[in-house]
$ cat my_file-v3.csv   # CSV, C-alpha atoms and all ligand atoms
chain,number,residue,atom,x,y,z
Z,1211,MET,CA,68.1,-60.4,15.6
Z,1212,TYR,CA,68.4,-60.0,19.3
Z,1213,THR,CA,71.8,-60.0,21.1
Z,1214,LEU,CA,72.0,-61.3,24.6
Z,1215,VAL,CA,74.9,-59.9,26.6
Z,1216,LEU,CA,75.8,-62.4,29.3
Z,1217,ALA,CA,78.6,-63.6,31.5
Z,1218,ASN,CA,80.2,-67.0,32.2
Z,1219,LYS,CA,77.6,-69.7,32.0
Z,1220,ARG,CA,79.1,-71.5,35.1
Z,1221,TYR,CA,78.5,-68.5,37.3
Z,1222,SER,CA,75.9,-66.1,35.9
Z,1223,SER,CA,72.5,-67.2,37.2
Z,1224,TRP,CA,70.7,-64.2,35.9
Z,1225,SER,CA,72.1,-64.7,32.4
Z,1226,MET,CA,71.0,-68.3,32.6
Z,1227,ARG,CA,67.3,-67.4,33.2
Z,1228,VAL,CA,67.0,-65.4,30.0
Z,1229,TRP,CA,69.1,-67.7,27.9
Z,1230,LEU,CA,67.0,-70.8,28.9
Z,1231,LEU,CA,63.8,-69.0,28.2
Z,1232,MET,CA,64.9,-67.8,24.7
Z,1233,LYS,CA,66.3,-71.3,23.8
Z,1234,GLU,CA,63.2,-73.1,25.1
Z,1235,PHE,CA,60.9,-70.9,23.1
Z,1236,ASP,CA,63.2,-71.0,20.0
Z,1237,ILE,CA,63.7,-67.2,20.0
Z,1238,PRO,CA,66.8,-66.6,17.8
Z,1239,PHE,CA,69.6,-64.5,19.3
Z,1240,LYS,CA,73.3,-63.9,19.1
Z,1241,GLU,CA,75.4,-64.2,22.3
Z,1242,GLU,CA,78.0,-61.7,23.5
Z,1243,LEU,CA,79.7,-63.4,26.4
Z,1244,ILE,CA,81.9,-61.1,28.7
Z,1245,ARG,CA,83.8,-63.1,31.2
Z,1246,PHE,CA,83.7,-62.0,34.8
Z,1247,ASP,CA,87.5,-62.1,35.0
Z,1248,SER,CA,88.0,-59.9,32.0
Z,1249,PRO,CA,89.9,-56.8,33.3
Z,1250,ASP,CA,87.5,-54.7,31.3
Z,1251,PHE,CA,84.2,-56.5,32.3
Z,1252,ALA,CA,82.7,-53.4,33.9
Z,1253,SER,CA,83.7,-51.1,31.1
Z,1254,ARG,CA,82.5,-53.4,28.3
Z,1255,VAL,CA,79.1,-53.9,30.0
Z,1256,SER,CA,78.8,-50.2,30.7
Z,1257,ASP,CA,79.3,-49.5,27.0
Z,1258,TYR,CA,75.8,-50.9,26.8
Z,1259,SER,CA,74.3,-50.1,30.2
Z,1260,LEU,CA,75.3,-48.0,33.2
Z,1261,THR,CA,73.9,-50.8,35.4
Z,1262,LYS,CA,77.2,-52.6,34.6
Z,1263,LYS,CA,75.2,-55.9,35.1
Z,1264,VAL,CA,74.3,-58.7,32.8
Z,1265,PRO,CA,72.1,-60.0,31.2
Z,1266,LEU,CA,71.3,-57.3,28.8
Z,1267,LEU,CA,69.0,-57.8,25.8
Z,1268,LEU,CA,69.8,-55.7,22.7
Z,1269,ASP,CA,67.0,-55.2,20.2
Z,1270,GLU,CA,68.6,-53.0,17.5
Z,1271,SER,CA,69.3,-49.7,19.4
Z,1272,LEU,CA,67.2,-50.6,22.4
Z,1273,VAL,CA,69.1,-52.0,25.4
Z,1274,ILE,CA,67.0,-53.7,28.1
Z,1275,SER,CA,68.6,-54.4,31.5
Z,1276,ASP,CA,67.2,-56.5,34.3
Z,1277,THR,CA,65.9,-60.0,33.9
Z,1278,LEU,CA,62.3,-59.4,34.7
Z,1279,ALA,CA,62.1,-56.5,32.3
Z,1280,ILE,CA,63.7,-58.6,29.6
Z,1281,VAL,CA,61.2,-61.4,30.2
Z,1282,GLU,CA,58.3,-58.9,30.0
Z,1283,TYR,CA,59.7,-57.4,26.7
Z,1284,LEU,CA,60.0,-60.9,25.2
Z,1285,ALA,CA,56.5,-61.8,26.3
Z,1286,GLU,CA,55.1,-58.6,24.7
Z,1287,SER,CA,57.2,-59.0,21.5
Z,1288,HIS,CA,56.2,-62.7,21.1
Z,1289,ALA,CA,52.6,-62.7,22.1
Z,1290,GLU,CA,52.1,-65.9,20.2
Z,1291,LEU,CA,54.4,-67.7,22.7
Z,1292,ALA,CA,53.1,-68.6,26.1
Z,1293,ILE,CA,56.1,-67.1,27.9
Z,1294,TRP,CA,53.7,-66.4,30.7
Z,1295,PRO,CA,50.8,-68.9,31.2
Z,1296,THR,CA,47.8,-68.0,29.1
Z,1297,ASP,CA,45.4,-68.3,32.0
Z,1298,LYS,CA,45.1,-64.9,33.8
Z,1299,GLN,CA,45.2,-66.4,37.3
Z,1300,LYS,CA,48.1,-68.7,36.6
Z,1301,ARG,CA,49.9,-65.8,34.9
Z,1302,ALA,CA,49.5,-63.7,38.1
Z,1303,LYS,CA,50.9,-66.6,40.2
Z,1304,ALA,CA,53.8,-67.1,37.8
Z,1305,ARG,CA,54.7,-63.4,38.0
Z,1306,SER,CA,54.4,-63.5,41.7
Z,1307,LEU,CA,56.8,-66.5,42.0
Z,1308,CYS,CA,59.3,-64.7,39.7
Z,1309,ALA,CA,59.0,-61.5,41.7
Z,1310,GLN,CA,59.7,-63.5,44.9
Z,1311,MET,CA,62.8,-65.0,43.3
Z,1312,HIS,CA,63.9,-61.5,42.1
Z,1313,ALA,CA,63.5,-59.8,45.4
Z,1314,GLY,CA,64.0,-62.6,47.9
Z,1315,TYR,CA,65.9,-65.7,48.9
Z,1316,SER,CA,69.0,-63.6,49.6
Z,1317,LEU,CA,70.6,-66.1,51.9
Z,1318,LEU,CA,70.7,-68.9,49.4
Z,1319,ARG,CA,71.7,-66.5,46.6
Z,1320,ASN,CA,74.5,-64.9,48.6
Z,1321,GLU,CA,75.8,-67.9,50.6
Z,1322,CYS,CA,75.6,-70.3,47.8
Z,1323,PRO,CA,76.5,-68.5,44.6
Z,1324,MET,CA,75.8,-70.4,41.4
Z,1325,GLN,CA,78.7,-72.8,40.5
Z,1326,PHE,CA,76.8,-74.7,37.9
Z,1327,ASP,CA,78.9,-77.8,37.6
Z,1328,LYS,CA,80.6,-77.9,40.9
Z,1329,VAL,CA,79.8,-79.7,44.1
Z,1330,TYR,CA,80.8,-78.5,47.6
Z,1331,LYS,CA,80.6,-81.4,49.9
Z,1332,ARG,CA,81.5,-79.6,53.0
Z,1333,PHE,CA,79.0,-76.8,53.0
Z,1334,THR,CA,76.7,-76.7,56.0
Z,1335,PRO,CA,73.6,-74.5,55.8
Z,1336,SER,CA,73.1,-72.1,58.7
Z,1337,GLU,CA,69.9,-72.3,60.7
Z,1338,LEU,CA,68.6,-69.1,58.9
Z,1339,LEU,CA,69.4,-70.6,55.5
Z,1340,ARG,CA,67.5,-73.8,56.5
Z,1341,LYS,CA,64.5,-71.6,57.4
Z,1342,GLU,CA,64.7,-69.8,54.1
Z,1343,ILE,CA,64.8,-73.1,52.3
Z,1344,ALA,CA,61.8,-74.3,54.2
Z,1345,SER,CA,59.9,-71.2,53.3
Z,1346,PHE,CA,60.8,-71.5,49.6
Z,1347,SER,CA,59.8,-75.2,49.7
Z,1348,SER,CA,56.4,-74.5,51.0
Z,1349,ILE,CA,55.6,-71.8,48.5
Z,1350,PHE,CA,57.1,-73.9,45.6
Z,1351,LEU,CA,55.2,-77.1,46.7
Z,1352,GLU,CA,51.9,-75.2,46.7
Z,1353,ALA,CA,52.5,-74.1,43.1
Z,1354,LEU,CA,53.5,-77.6,42.1
Z,1355,SER,CA,50.4,-79.1,43.7
Z,1356,GLN,CA,48.2,-76.9,41.5
Z,1357,SER,CA,50.1,-77.7,38.3
Z,1358,ASP,CA,48.4,-79.8,35.7
Z,1359,GLY,CA,51.6,-80.6,33.8
Z,1360,ASP,CA,55.3,-81.3,34.1
Z,1361,PHE,CA,56.2,-77.7,34.9
Z,1362,LEU,CA,55.2,-75.1,37.5
Z,1363,PHE,CA,52.2,-73.9,35.6
Z,1364,GLY,CA,51.6,-76.9,33.3
Z,1365,GLU,CA,53.6,-76.0,30.2
Z,1366,TYR,CA,57.1,-74.6,30.5
Z,1367,SER,CA,57.0,-70.8,31.2
Z,1368,ALA,CA,59.2,-68.0,32.4
Z,1369,ALA,CA,58.7,-69.3,36.0
Z,1370,ASP,CA,60.6,-72.5,35.2
Z,1371,ALA,CA,63.5,-70.6,33.6
Z,1372,TYR,CA,63.5,-68.4,36.7
Z,1373,TYR,CA,63.9,-71.2,39.2
Z,1374,ALA,CA,66.4,-73.4,37.3
Z,1375,PRO,CA,69.6,-71.7,38.4
Z,1376,PHE,CA,68.2,-71.4,41.9
Z,1377,LEU,CA,67.6,-75.2,42.1
Z,1378,SER,CA,71.1,-75.9,40.7
Z,1379,ARG,CA,72.4,-74.7,44.0
Z,1380,PHE,CA,70.7,-77.6,45.8
Z,1381,ASP,CA,72.9,-79.9,43.7
Z,1382,SER,CA,76.1,-77.9,44.1
Z,1383,TYR,CA,75.8,-77.5,47.9
Z,1384,LEU,CA,74.1,-80.8,48.6
Z,1385,LEU,CA,71.2,-79.0,50.3
Z,1386,PRO,CA,68.1,-80.8,51.4
Z,1387,LEU,CA,65.3,-80.7,48.8
Z,1388,ASP,CA,61.8,-82.1,49.0
Z,1389,ASP,CA,61.4,-85.2,46.7
Z,1390,ARG,CA,58.5,-83.6,44.8
Z,1391,ILE,CA,60.6,-80.5,44.0
Z,1392,ASN,CA,63.5,-82.8,43.0
Z,1393,ALA,CA,61.1,-84.8,40.7
Z,1394,TYR,CA,60.1,-81.5,39.1
Z,1395,TYR,CA,63.7,-80.3,38.8
Z,1396,ALA,CA,64.5,-83.6,37.1
Z,1397,LYS,CA,62.0,-82.7,34.3
Z,1398,VAL,CA,63.6,-79.3,34.0
Z,1399,LYS,CA,67.0,-80.9,33.6
Z,1400,MET,CA,65.6,-82.9,30.7
Z,1401,THR,CA,64.6,-79.8,28.7
Z,1402,LYS,CA,66.7,-79.0,25.6
Z,1403,SER,CA,67.5,-75.6,26.9
Z,1404,TYR,CA,68.9,-76.9,30.2
Z,1405,GLN,CA,70.9,-79.6,28.5
Z,1406,ASN,CA,72.4,-77.1,26.0
Z,1407,TRP,CA,73.4,-74.8,28.9
Z,1408,GLN,CA,74.9,-77.8,30.7
Z,1409,GLN,CA,76.9,-78.6,27.6
Z,1410,ASP,CA,78.1,-75.1,27.2
Z,1411,VAL,CA,79.3,-75.0,30.9
Z,1412,ALA,CA,81.2,-78.2,30.3
Z,1413,ASN,CA,83.0,-76.6,27.4
Z,1414,GLU,CA,83.6,-73.3,29.2
Z,1415,LYS,CA,87.2,-72.6,30.2
Z,1416,GLU,CA,87.7,-72.4,34.0
Z,1417,ASP,CA,88.9,-69.0,35.1
Z,1418,ASN,CA,89.6,-67.1,38.3
Z,1419,THR,CA,86.1,-66.1,39.0
Z,1420,GLU,CA,85.4,-68.8,41.6
Z,1421,SER,CA,88.4,-67.8,43.8
Z,1422,SER,CA,88.3,-64.1,43.2
Z,1423,LEU,CA,84.6,-63.5,43.6
Z,1424,TYR,CA,83.7,-66.2,46.0
Z,1425,SER,CA,86.3,-66.2,48.8
Z,1426,SER,CA,83.5,-67.0,51.2
Z,1427,LEU,CA,83.6,-70.6,49.7
Z,1428,ASP,CA,87.3,-71.1,50.8
Z,1429,ASP,CA,86.2,-73.3,53.7
Z,1430,VAL,CA,84.0,-75.7,51.7
Z,1431,ARG,CA,86.1,-76.3,48.6
Z,1432,ASP,CA,87.3,-79.9,48.4
Z,1501,LIG,N1,68.6,-57.5,38.9
Z,1501,LIG,C1,69.5,-57.9,37.9
Z,1501,LIG,C2,70.7,-58.6,38.5
Z,1501,LIG,C3,71.8,-58.8,37.5
Z,1501,LIG,C4,73.1,-59.3,38.2
Z,1501,LIG,O1,73.3,-59.2,39.4
Z,1501,LIG,N2,74.0,-59.8,37.3
Z,1501,LIG,C5,75.3,-60.3,37.8
Z,1501,LIG,C6,75.6,-61.5,37.0
Z,1501,LIG,S1,74.6,-62.9,37.4
Z,1501,LIG,C7,76.3,-59.2,37.4
Z,1501,LIG,O2,76.2,-58.7,36.3
Z,1501,LIG,N3,77.3,-59.0,38.2
Z,1501,LIG,C8,78.4,-58.2,37.9
Z,1501,LIG,C9,78.6,-57.2,39.0
Z,1501,LIG,O3,77.8,-57.0,39.9
Z,1501,LIG,O4,79.6,-56.5,38.9
Z,1501,LIG,C10,68.8,-58.8,36.8
Z,1501,LIG,O5,67.7,-59.3,37.2
Z,1501,LIG,O6,69.2,-59.0,35.7
$ encode --input "my_file-v3.csv" --output "structure tokens"
Amino acid sequence: MYTLVLANKRYSSWSMRVWLLMKEFDIPFKEELIRFDSPDFASRVSDYSLTKKVPLLLDESLVISDTLAIVEYLAESHAELAIWPTDKQKRAKARSLCAQMHAGYSLLRNECPMQFDKVYKRFTPSELLRKEIASFSSIFLEALSQSDGDFLFGEYSAADAYYAPFLSRFDSYLLPLDDRINAYYAKVKMTKSYQNWQQDVANEKEDNTESSLYSSLDDVRD
């Protein structure tokens, strides 16, 4: 059975992507959760991978780091599951959206770190962040307008798991979001994987991660 090495569910957006995907596709795995505030976080993660980052997927002696590589490994290992859309063109577009997420949107990712169940009412997006959101929205709306189902490419795929933690920031920082994207996100929130993650976050003990890692949020905390 696979083991997924991950960090706090409240904060670890990259862990969330793989976890949602595996749960949504009923791929069995064990979890090894290493809290960000553990004094030995880096050394425990580096026991598995010198990247010192999570998530990591362990498949017997093989250790796979980096979310996109993990998604590709799962897709290859479970060819019977439509982790990527079965249609070649949709698959290309889904990969393209995930790559954009992976390499881009640095303002939103850095200025609004994932705080899954928190709300910052006093956060004001900068002009540059507003531009980034506008660019994301136009790309995302184009994909949604071509979808023939509830999700980005019809059926749930890796692309939906990829964007879920990103969209959670719009709730946490009360950022403006197009109604059509909101309607799509409402459907993602209804999935069993998302609801299970939400429940796990609710049960997760608070720690010092928020204040120690995210001092940039000092001004917007209530
Ligand atoms: N490109 C990596 C990014 C992974 C990443 O940044 N993980 C964060 C947690 S969400 C982490 O491990 N941070 C710990 C650190 O940077 O020390 C991926 O796609 O998996």
$ residues_near_point --input "my_file-v3.csv" --point "(76.8, -58.3, 19.8)" --cutoff "10 Å" --atoms "only C-alpha atoms" --output "VMD selection string"
chain Z and resid 1211 to 1215 1239 to 1243 1267 to 1268
$ write_last_selection --input "my_file-v3.csv" --atoms "C-alpha atoms" --output "short mmCIF file (atom, residue, chain, number, x, y, z; two decimals), keeping the file's coordinate frame"
data_model
loop_
_atom_site.label_atom_id
_atom_site.label_comp_id
_atom_site.auth_asym_id
_atom_site.auth_seq_id
_atom_site.Cartn_x
_atom_site.Cartn_y
_atom_site.Cartn_z
CA MET Z 1211 68.10 -60.40 15.60
CA TYR Z 1212 68.40 -60.00 19.30
CA THR Z 1213 71.80 -60.00 21.10
CA LEU Z 1214 72.00 -61.30 24.60
CA VAL Z 1215 74.90 -59.90 26.60
CA PHE Z 1239 69.60 -64.50 19.30
CA LYS Z 1240 73.30 -63.90 19.10
CA GLU Z 1241 75.40 -64.20 22.30
CA GLU Z 1242 78.00 -61.70 23.50
CA LEU Z 1243 79.70 -63.40 26.40
CA LEU Z 1267 69.00 -57.80 25.80
CA LEU Z 1268 69.80 -55.70 22.70
#
$ residues_near_ligand --input "my_file-v3.csv" --ligand "ligand LIG 1501 (chain Z)" --cutoff "10 Å" --atoms "all atoms listed in the file" --output "PDB file with C-alpha atoms, keeping the file's coordinate frame"
ATOM      1  CA  VAL Z1215      74.900 -59.900  26.600  1.00  0.00           C
ATOM      2  CA  LEU Z1216      75.800 -62.400  29.300  1.00  0.00           C
ATOM      3  CA  ALA Z1217      78.600 -63.600  31.500  1.00  0.00           C
ATOM      4  CA  ASN Z1218      80.200 -67.000  32.200  1.00  0.00           C
ATOM      5  CA  LYS Z1219      77.600 -69.700  32.000  1.00  0.00           C
ATOM      6  CA  ARG Z1220      79.100 -71.500  35.100  1.00  0.00           C
ATOM      7  CA  TYR Z1221      78.500 -68.500  37.300  1.00  0.00           C
ATOM      8  CA  SER Z1222      75.900 -66.100  35.900  1.00  0.00           C
ATOM      9  CA  SER Z1223      72.500 -67.200  37.200  1.00  0.00           C
ATOM     10  CA  TRP Z1224      70.700 -64.200  35.900  1.00  0.00           C
ATOM     11  CA  SER Z1225      72.100 -64.700  32.400  1.00  0.00           C
ATOM     12  CA  MET Z1226      71.000 -68.300  32.600  1.00  0.00           C
ATOM     13  CA  ARG Z1227      67.300 -67.400  33.200  1.00  0.00           C
ATOM     14  CA  VAL Z1228      67.000 -65.400  30.000  1.00  0.00           C
ATOM     15  CA  ILE Z1244      81.900 -61.100  28.700  1.00  0.00           C
ATOM     16  CA  ARG Z1245      83.800 -63.100  31.200  1.00  0.00           C
ATOM     17  CA  PHE Z1246      83.700 -62.000  34.800  1.00  0.00           C
ATOM     18  CA  PHE Z1251      84.200 -56.500  32.300  1.00  0.00           C
ATOM     19  CA  ALA Z1252      82.700 -53.400  33.900  1.00  0.00           C
ATOM     20  CA  VAL Z1255      79.100 -53.900  30.000  1.00  0.00           C
ATOM     21  CA  THR Z1261      73.900 -50.800  35.400  1.00  0.00           C
ATOM     22  CA  LYS Z1262      77.200 -52.600  34.600  1.00  0.00           C
ATOM     23  CA  LYS Z1263      75.200 -55.900  35.100  1.00  0.00           C
ATOM     24  CA  VAL Z1264      74.300 -58.700  32.800  1.00  0.00           C
ATOM     25  CA  PRO Z1265      72.100 -60.000  31.200  1.00  0.00           C
ATOM     26  CA  LEU Z1266      71.300 -57.300  28.800  1.00  0.00           C
ATOM     27  CA  LEU Z1267      69.000 -57.800  25.800  1.00  0.00           C
ATOM     28  CA  ILE Z1274      67.000 -53.700  28.100  1.00  0.00           C
ATOM     29  CA  SER Z1275      68.600 -54.400  31.500  1.00  0.00           C
ATOM     30  CA  ASP Z1276      67.200 -56.500  34.300  1.00  0.00           C
ATOM     31  CA  THR Z1277      65.900 -60.000  33.900  1.00  0.00           C
ATOM     32  CA  LEU Z1278      62.300 -59.400  34.700  1.00  0.00           C
ATOM     33  CA  ALA Z1279      62.100 -56.500  32.300  1.00  0.00           C
ATOM     34  CA  ILE Z1280      63.700 -58.600  29.600  1.00  0.00           C
ATOM     35  CA  VAL Z1281      61.200 -61.400  30.200  1.00  0.00           C
ATOM     36  CA  MET Z1311      62.800 -65.000  43.300  1.00  0.00           C
ATOM     37  CA  HIS Z1312      63.900 -61.500  42.100  1.00  0.00           C
ATOM     38  CA  ALA Z1313      63.500 -59.800  45.400  1.00  0.00           C
ATOM     39  CA  PRO Z1323      76.500 -68.500  44.600  1.00  0.00           C
ATOM     40  CA  MET Z1324      75.800 -70.400  41.400  1.00  0.00           C
ATOM     41  CA  LEU Z1423      84.600 -63.500  43.600  1.00  0.00           C
TER      42      LEU Z1423
END
$ residues_around --input "my_file-v3.csv" --residues "range 1344-1354 of chain Z" --least-positions-apart "2" --cutoff "8 Å" --atoms "only C-alpha atoms" --output "PDB file with C-alpha atoms, in the frame of the given file"
ATOM      1  CA  TYR Z1315      65.900 -65.700  48.900  1.00  0.00           C
ATOM      2  CA  ARG Z1340      67.500 -73.800  56.500  1.00  0.00           C
ATOM      3  CA  LYS Z1341      64.500 -71.600  57.400  1.00  0.00           C
ATOM      4  CA  GLU Z1342      64.700 -69.800  54.100  1.00  0.00           C
ATOM      5  CA  GLN Z1356      48.200 -76.900  41.500  1.00  0.00           C
ATOM      6  CA  SER Z1357      50.100 -77.700  38.300  1.00  0.00           C
ATOM      7  CA  PHE Z1361      56.200 -77.700  34.900  1.00  0.00           C
ATOM      8  CA  LEU Z1362      55.200 -75.100  37.500  1.00  0.00           C
ATOM      9  CA  PHE Z1363      52.200 -73.900  35.600  1.00  0.00           C
ATOM     10  CA  LEU Z1387      65.300 -80.700  48.800  1.00  0.00           C
ATOM     11  CA  ASP Z1388      61.800 -82.100  49.000  1.00  0.00           C
ATOM     12  CA  ARG Z1390      58.500 -83.600  44.800  1.00  0.00           C
ATOM     13  CA  ILE Z1391      60.600 -80.500  44.000  1.00  0.00           C
TER      14      ILE Z1391
END
$ residues_around --input "my_file-v3.csv" --residues "range 1288-1304 of chain Z" --least-positions-apart "6" --cutoff "9 Å" --atoms "all atoms listed in the file" --output "ChimeraX atom specification"
/Z:1231,1235,1237,1281-1282,1353,1362-1369
$ closest_residue --input "my_file-v3.csv" --among "Z:Arg1379, Z:Lys1233, Z:Lys1399, Z:Lys1331" --to "Asp1360 in chain Z" --atoms "all atoms listed in the file"
Z:Lys1399
$ atom_distance --input "my_file-v3.csv" --atom1 "CA of Leu1272 in chain Z" --atom2 "CA of Ser1259 in chain Z"
10.6 Å
$ atom_distance --input "my_file-v3.csv" --atom1 "CA of Arg1319 in chain Z" --atom2 "CA of Ser1355 in chain Z"
24.9 Å
$ atom_distance --input "my_file-v3.csv" --atom1 "CA of Val1273 in chain Z" --atom2 "CA of Pro1375 in chain Z"
23.6 Å
$ closest_residue --input "my_file-v3.csv" --among "Z:Trp1229, Z:Asp1327, Z:Phe1380, Z:Cys1308" --to "Gln1408 in chain Z" --atoms "only C-alpha atoms"
Z:Asp1327
